[in-house]
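All remarks here apply to the structure that follows.
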Amino acid sequence: MKRTFRALAAALGIACLATQAYAQAPDARMTAFDAHAGAPLPIRFDLPAPAGGHNVVLLLEKLHSEVELDGETARIFLAEIDGRPGTIVRTGDSLDIALDDDVDAGRPPFPGEADGEQANDLLSVPPQEQLARRARGDETDAPDELHVWMFLHDAAGESSRGAFLNRYVSWWVRDMEQAVRVGVPVRVTLRSAVPGITDMDYHAGSSIERLRELRDRGRAYVRAQGGKITSLTKFMLFVGKPPANLEGGTVGAAIEPFGAAVASSEGHRHVVAHELGHLLGATHEDAENRFFCITNMKDSLWGAIPCRYYSGTNDGNIRRYVRARTGV
Ligand SMILES: [Zn+2]
């Protein structure tokens with residue numbers, strides 16, 4: 001994915017402020033939330049607001065997908081907050097609210113970079129690698145789920161996991177459940193502080209080498225955890241500064257045959273969904289400009305708001321990709 005404009009400062013600054021505000025008064029909010037979130041949904045209740053007063057929360061639905069953070073389950077809810085649609089992520093130590101209409105656009109372009117330039121962020125594997133891969137017969141287990149292992153790089157600067165999930169993951173999970181509907185469960189496991197992976201020098205060498213390393217170390221890690229590796233086991237390294245081994249301005253990369261991708265927080269909010277899309281058969285060509293927003297497989301455009309969903313054609317591409325591997 002290409003970064004065609006100064007991506008982060010404004011929107012992230014706002015997001016960080018909100019997160020800190022919530023973090024300063026966590027207990028009353030979390031207690032009030034937990035008191036209601038276990039009841040049958042939908043349910044409406046008052047949630048103490050960080051700055052005093054309260055928000056009216058209508059908790060609509062809990063997403064089914066299993067999202068796990070360093071051994072704890074994260075719960076993701078669809079909700080209305082003071083009448084505005086959004087998602088609420090409750091992790092072991094945080095409660096994060098994101099509104100669907102949080103604006104993620106209008107940032108000034110990077111100097112010297114053209115808007116709308118497409119990046120070659122879907123990297124191809126050298127032919128000898130493909131032959132070696134076939135000979136190894138790497139993926140032996142039959143997939144019965146789509147499992148994304150997401151590693152948060154030590155230098156990514158993501159202090160609130162709840163906010164991270166809301167910014168990049170919760171809406172993707174919702175879209176996968178409700179629109180893409182791949183026919184098997186979607187599972188996201190987020191891990192931080194994994195030696196050899198989250199401290200990787202991802203700037204070094206070539207991006208192909210680093211993504212191969214991510215795949216190999218990721219597989220070893222998953223196997224050591226007792227997990228299985230299938231053709232629907234995908235690895236994502238989430239980083240702060242974009243990899244120096246990518247063309248300038250590129251904020252993410254993916255190699256589908258490796259099932260491995262990297263995404264930088266300097267990209268648009270859909271950078272994670274974009275690179276995951278590459279790992280699941282979605283294409284730039286099938287992305288769409290909508291009237292108000294750009295779909296996930298479009299590169300970031302200045303002033304464009306990510307729709308936070310794929311185009312219908314890419315929904316179909318992803319469904320076909322998954323079903324070809326699961327038979328579902
Ligand atoms: Zn791309």
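If you're wondering about the labels, chains in the structure tokens are A, B, ... by order shown, residues count from 1 in each chain, ligands from 1 in order shown.
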Can you tell me which residues come within 9 Å of ligand 1 when counting only C-alpha atoms and all ligand atoms, ideally as a PDB file with N, CA and C atoms, in the first residue's frame?
```pdb
ATOM      1  N   MET A   1       0.841  -1.185   0.000  1.00  0.00           N
ATOM      2  CA  MET A   1       0.000   0.000   0.000  1.00  0.00           C
ATOM      3  C   MET A   1       0.874   1.231   0.000  1.00  0.00           C
ATOM      4  N   LYS A   2       0.459   2.199  -0.729  1.00  0.00           N
ATOM      5  CA  LYS A   2       1.220   3.439  -0.876  1.00  0.00           C
ATOM      6  C   LYS A   2       0.634   4.509   0.022  1.00  0.00           C
ATOM      7  N   GLN A 118      -0.521   4.188  -7.475  1.00  0.00           N
ATOM      8  CA  GLN A 118      -0.670   2.812  -7.006  1.00  0.00           C
ATOM      9  C   GLN A 118       0.693   2.228  -6.688  1.00  0.00           C
ATOM     10  N   ALA A 119       0.776   1.502  -5.621  1.00  0.00           N
ATOM     11  CA  ALA A 119       2.050   0.896  -5.242  1.00  0.00           C
ATOM     12  C   ALA A 119       2.017  -0.592  -5.535  1.00  0.00           C
ATOM     13  N   ASN A 120       3.186  -1.098  -5.827  1.00  0.00           N
ATOM     14  CA  ASN A 120       3.275  -2.539  -6.025  1.00  0.00           C
ATOM     15  C   ASN A 120       3.562  -3.187  -4.681  1.00  0.00           C
ATOM     16  N   ASP A 121       2.544  -3.246  -3.853  1.00  0.00           N
ATOM     17  CA  ASP A 121       2.766  -3.765  -2.504  1.00  0.00           C
ATOM     18  C   ASP A 121       2.397  -5.242  -2.395  1.00  0.00           C
ATOM     19  N   LEU A 122       1.923  -5.817  -3.498  1.00  0.00           N
ATOM     20  CA  LEU A 122       1.734  -7.270  -3.520  1.00  0.00           C
ATOM     21  C   LEU A 122       2.990  -7.829  -4.170  1.00  0.00           C
ATOM     22  N   GLY A 252       2.914  -0.588   3.416  1.00  0.00           N
ATOM     23  CA  GLY A 252       2.570  -1.972   3.699  1.00  0.00           C
ATOM     24  C   GLY A 252       2.987  -2.844   2.546  1.00  0.00           C
ATOM     25  N   ALA A 253       3.067  -4.151   2.801  1.00  0.00           N
ATOM     26  CA  ALA A 253       3.412  -5.091   1.748  1.00  0.00           C
ATOM     27  C   ALA A 253       2.865  -6.460   2.126  1.00  0.00           C
ATOM     28  N   ALA A 254       2.630  -7.272   1.107  1.00  0.00           N
ATOM     29  CA  ALA A 254       2.091  -8.605   1.359  1.00  0.00           C
ATOM     30  C   ALA A 254       2.650  -9.577   0.333  1.00  0.00           C
ATOM     31  N   VAL A 271      -5.154   0.140   6.317  1.00  0.00           N
ATOM     32  CA  VAL A 271      -3.911  -0.483   5.860  1.00  0.00           C
ATOM     33  C   VAL A 271      -3.858  -1.975   6.235  1.00  0.00           C
ATOM     34  N   HIS A 274      -6.260  -3.807   4.021  1.00  0.00           N
ATOM     35  CA  HIS A 274      -5.729  -3.800   2.653  1.00  0.00           C
ATOM     36  C   HIS A 274      -4.712  -4.934   2.471  1.00  0.00           C
ATOM     37  N   GLU A 275      -3.752  -5.008   3.383  1.00  0.00           N
ATOM     38  CA  GLU A 275      -2.717  -6.048   3.232  1.00  0.00           C
ATOM     39  C   GLU A 275      -3.304  -7.437   3.483  1.00  0.00           C
ATOM     40  N   GLY A 277      -6.251  -8.225   2.730  1.00  0.00           N
ATOM     41  CA  GLY A 277      -6.972  -8.472   1.481  1.00  0.00           C
ATOM     42  C   GLY A 277      -6.061  -9.119   0.445  1.00  0.00           C
ATOM     43  N   HIS A 278      -4.812  -8.608   0.350  1.00  0.00           N
ATOM     44  CA  HIS A 278      -3.849  -9.201  -0.585  1.00  0.00           C
ATOM     45  C   HIS A 278      -3.575 -10.669  -0.245  1.00  0.00           C
ATOM     46  N   THR A 283      -7.997  -7.702  -4.867  1.00  0.00           N
ATOM     47  CA  THR A 283      -7.080  -7.011  -5.785  1.00  0.00           C
ATOM     48  C   THR A 283      -7.342  -5.505  -5.822  1.00  0.00           C
ATOM     49  N   HIS A 284      -6.285  -4.774  -6.201  1.00  0.00           N
ATOM     50  CA  HIS A 284      -6.445  -3.333  -6.432  1.00  0.00           C
ATOM     51  C   HIS A 284      -7.461  -3.078  -7.543  1.00  0.00           C
ATOM     52  N   MET A 297      -9.251  -1.962  -0.832  1.00  0.00           N
ATOM     53  CA  MET A 297      -8.112  -2.291  -1.681  1.00  0.00           C
ATOM     54  C   MET A 297      -7.607  -1.102  -2.497  1.00  0.00           C
ATOM     55  N   LYS A 298      -8.213   0.070  -2.289  1.00  0.00           N
ATOM     56  CA  LYS A 298      -7.660   1.290  -2.886  1.00  0.00           C
ATOM     57  C   LYS A 298      -6.482   1.749  -2.044  1.00  0.00           C
ATOM     58  N   ASP A 299      -5.464   2.273  -2.716  1.00  0.00           N
ATOM     59  CA  ASP A 299      -4.401   2.902  -1.963  1.00  0.00           C
ATOM     60  C   ASP A 299      -4.936   4.185  -1.342  1.00  0.00           C
TER      61      ASP A 299
END
```
Determine which residues of stretch 75-263 of chain A DSSP labels as helix (DSSP H, G or I) from the backbone of this structure, then write them out as a ChimeraX atom specification. /A:127-136,161-180,207-224,256-258
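The smallest atom-to-atom distance between A:Leu59 and any of A:Glu177, A:Asp82, A:Glu285, A:Glu266, using only C-alpha atoms, is found for A:Asp82.
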What separation in Å, quoted to one decimal, exists between atom CA of A:Arg167 and atom CA of A:Asp34? 21.8 Å
8 Å contact set for stretch 205-220 of chain A, only C-alpha atoms, chain neighbours under 3 positions out, as an NGL selection string: :A and (123 or 125 or 149 or 196-197 or 202 or 223-224 or 229 or 235 or 237 or 243 or 245-246 or 253-255 or 258-262)
Can you list, as number ranges by chain, every residue of stretch 114-270 of chain A that DSSP puts in strand (DSSP E)? A: 146-152, 186-192, 233-239, 252-255, 260-264
Between atom CA of A:Ser65 and atom CA of A:Val173, what distance in Å does the model show, to one decimal? 7.0 Å
Write out as a PyMOL selection string which residues come within 8 Å of A:Val180 when counting only C-alpha atoms, dropping same-chain ones fewer than 5 positions away. chain A and resi 175+315-316+318-319
Could you save those same residues with N, CA and C atoms as an mmCIF file, in the first residue's frame?
```
data_model
loop_
_atom_site.group_PDB
_atom_site.id
_atom_site.type_symbol
_atom_site.label_atom_id
_atom_site.label_comp_id
_atom_site.auth_asym_id
_atom_site.auth_seq_id
_atom_site.Cartn_x
_atom_site.Cartn_y
_atom_site.Cartn_z
ATOM 1 N N ASP A 175 -16.936 -6.707 9.157
ATOM 2 C CA ASP A 175 -17.173 -6.812 7.713
ATOM 3 C C ASP A 175 -17.008 -8.261 7.240
ATOM 4 N N ASP A 315 -15.242 -8.786 -2.134
ATOM 5 C CA ASP A 315 -15.915 -9.728 -1.217
ATOM 6 C C ASP A 315 -15.965 -11.100 -1.876
ATOM 7 N N GLY A 316 -16.356 -11.106 -3.150
ATOM 8 C CA GLY A 316 -16.454 -12.367 -3.893
ATOM 9 C C GLY A 316 -15.091 -13.021 -4.071
ATOM 10 N N ILE A 318 -12.537 -12.795 -2.102
ATOM 11 C CA ILE A 318 -12.106 -13.352 -0.809
ATOM 12 C C ILE A 318 -12.896 -14.632 -0.496
ATOM 13 N N ARG A 319 -14.202 -14.583 -0.739
ATOM 14 C CA ARG A 319 -15.012 -15.792 -0.509
ATOM 15 C C ARG A 319 -14.495 -16.957 -1.333
#
```
